[in-house]
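Engineer: This is the structure I have questions about; it appears just below.
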Amino acid sequence: LSVVGLKKIRVPKEFIEASWGTFFQDQGIELVEVNLEESNPEVPYQIIDSILPEAIDSVNPEKNLLLNPQVKNFLKLYFESGKDFDLVENFCASSKELFSIKIHDCLNIGHFIDAIVVEAYKNEFQVNQIRGFLNACLSFSFQVLQNEKELAPMEMTFGCTKDGFAFQLSVTAKNFQFDKNLRRLSSFLNITEYKKKSQYTISALWFKDDALKDLHMFFNKKQYVARSSLVNVSNMSPVCDAETISFDPGSDAKDSSVRISDSANNEGDVRISGSKSETDDVIRISGSGANSAVGNMKVSSNKSAVMEQQMLRMKNLLYKMKEELSQQKIAFETAHADSNLSSPELHEKISEITLENSKLQDEKKYLTARLQLANRKLQIMDNNLDKTAEFSRPNPEQEKELETFRQQNAVLAVKIKYQDEKLAELEAQVNRQEEANASPQAVDTVGKDLEITKLNEIKVLYENKMKEQMAENKKLDGRVKVLATQLDGALKKLSAPAPGMKTNENHAKQLEHASNRVAEVTKEYNDKKKEVIQVKQENEKLLGKMAELEKKIARYEKKAA
Amino acid sequence: LSTGFNFNTIENYILSPGDIYWIKKSGEEVLVSKKGEVPNSLLIKKLVKNEQTLEISNEINVEVITLLEELFASSKKEILIQNKNKFRKKIVEILRAEYAEIERSQFEFDTMVWKVFSTFTLDQQTDLVAIDMDLFRRSLRVTSSVVLVAFLNGYYDEKFLEKLFMKTVNLLMSMVSAETLSDDVEKLERLRLNLSSEPLMREEVKSLFDPAVLRSEVGSWEKIIVIFNTYYSFDDHETRVNILNEVFNNKINVRANELKAALSALKRANVHMDLAESA
């Protein structure tokens, strides 16, 4: 079975020598030693296509949890999928329903955890561990996200098969510190970091099988995004050119005899970490799992004795396994010997042909599209041609039709002309009215005329009102003046010494009387003045006449003399 | 002809919701705004102010849009997902009955999504439409499909959906430059059909058509953008049935979890979305 997947993984030296290293090597994964002190964790690591053996024989599966068929199948899936590994989609491929949840805020976490746990409960999983994991995972993820400027929604997917419950969470965050406690809360935990996108995917799996309840595997992948990220939307192209993996099986240091160092995880998680002191011990592969599966082989006081026992057993097991595997390998090789002989050349040719083929297909696609386009254009042109041809043919019916069309056209032209004129007229009217009336009005002339007359009426009304008002004002003015003079007169009178004590009423009466008197006096005065003037004028006339008469008299006197 | 439409609300429509006629006193009918075109809001408001008779025909169903607007607005006010889901349930029921199960046009659907989620100012709207009408119509078509399918995929924060709306419209409108518009559109169409790899095209524009995104580890909404940007053609001017109807009746020939999730959300009569969206 040829699959694309991970062929090499980076591990510390102890790992290679340890039996769990052998386990992976036996599955076709090449382990490359990495120096723990290596300072640059970003050295791109080439992932090559690999061929994994079709099946791995399980020898004595109850001894080693990694050899449990479920676990083995799962690991195979993991390494086959390589960088495209998506726990929920890959593991639950056979399941009818996958679920996805988007979370925008931390206020509703509980609700969604409940939803997931209920789903696990319905499928008869042990929910306590799952709930514990989700609580820790989500609350710590939101702690991480609190520092982010723009909160991108977290995306969760989950689903299950009859064997396992899978959960995956994607978080976008710049500073992500992994919470190590999470590792004890699931059978399998994988954290993938997409470095350049600041994205983290946390995948967790729980096996239903009670025998596997102490299995805790931890993988940590780093993927470096090669292509530039998309737009400002956010980063969209996660194609990775490098990947490292760290593997940390069986992590519970307290209740098992095995102590596994966390150092590698703390400093970059690039490497596989194993316990340095006890690497050659077989038990550690199965980690804490061995304790339950084999039957509580807890090592506390008689630690070494039990360990030795286990070691022996595992070594035997391993030996058998290796033997069988090598037999298989030989069989495989002989079976494929023929085909492999000429394979390099053949492969080259095949790849050449495939390349050419794909090129040709691309070209074909393009050309077909062009052809379709051209055909469409041609069709349209044909149609047009047909139409013109039909029209140009002297056909009495068509001629008639044409005539009617022409007539209609003529009518339409007239109509259009009429409309144009009307429009021009309307526009002119609008312009006129807009000039006359600063406020914008409807284009409807009738309404406008009406409105103008209305306005004019109102204007006249207002003018009349204003005239009335003015007249009244004048009257009032006059009255005020009269009152003022009366008051003046009264004041003059009042300022004169009053004879004896007088009440206010008397004052008022006196005032009235006085003002009346004043008015009378003024009138008399005016009349007298007029009389005086008249008399004066008459006087002057008379004087003039007298002068004339005197002159005449004087002339007559001269004559007489 | 119907007169139930409130012409004062015309400003809220980026594209005219129907054919709008001005009935003059002489009985003459003048087409003021054609359906699907940018409406002449100024003239219409002036005519309304002067108590002129306006009529709309061939118009979209405004009641449904108003109802959905109200429901989304009510949901936006809620914080707890349980309360939001009460509105979500109603919204999905309406979407199913009014869009998925009947052949309402995509134009109506676009108008609805625009009215619910757009926060563009009038100036921004004018600028968008000025770039190119056809490109704008397509962008709106893609965006409205993206936003509602994202909603059906379980995104529940209305503010996020609004942002997604704005972002997608702007993103799609910025794929071309004004000087080389028709050239660009042609290139984009070829890119969409995967006919050639345009070396001159910007990387970020390419990735909007990149099927590899669908297999990658990104948010569903990013995948949904690529799905619909690849789905809608650039020279498709025909009126088509709305996207929910296409999804509901399996007319859309794209295999993606996001579309499956939208379908199952639409199909579920008794929404158990308060748990999770099944994909």
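Residue numbering restarts at 1 for every chain of the structure tokens, chains are lettered A, B, ... in their displayed order, and ligands are numbered from 1 as they appear.
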Ile20 of chain B: which residues within 12 Å, counting only C-alpha atoms, same-chain residues fewer than 2 positions away excluded, as a PyMOL selection string?
Structural biologist: chain B and resi 1-3+5-7+10+15-18+22-23+29-41+43-44+47+53-60
Engineer: Among segment 117-194 of chain B, which residues does DSSP mark as helix (DSSP H, G or I) when it is run on the backbone? Keep the chain and numbering as in the structure and answer as a PyMOL selection string.
Structural biologist: chain B and resi 117+122-131+133-152+158-173+178-192
Engineer: Name the closest residue to Val176 of chain B among the candidates B:Leu67, B:Leu188, B:Val142, B:Val62; distances are taken between atoms, counting only C-alpha atoms.
Structural biologist: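 Under the stated criterion, the closest residue is B:Leu188.
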Engineer: Choose the residue, out of A:Ser358, A:Ser515, A:Ser351, A:Asn526, that has the smallest atom-to-atom separation from chain B; count only C-alpha atoms.
Structural biologist: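 Comparing A:Ser358, A:Ser515, A:Ser351, A:Asn526 against chain B, the winner is A:Ser358.
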Engineer: What is the atom CA of Ile94 of chain B-atom CA of Ser74 of chain B distance in Å, reported with one decimal?
Structural biologist: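 Result for atom CA of Ile94 of chain B versus atom CA of Ser74 of chain B: 15.0 Å, one decimal.
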Engineer: Show me, as a list in words, the residues that have an atom within 9 Å of Val226 of chain B when counting only C-alpha atoms, minus same-chain residues fewer than 6 positions from it.
Structural biologist: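 Here the answer would be Ser207, Leu208, Phe209, Asp210, Pro211, Val213 and Leu214 of chain B.
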Engineer: My list of candidates is A:Asn123, A:Asn90, A:Asn516, A:Thr522. Which is closest to Ser203 of chain A when distances are computed with only C-alpha atoms?
Structural biologist: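 The shortest atom-to-atom distance to Ser203 of chain A comes from A:Asn90.
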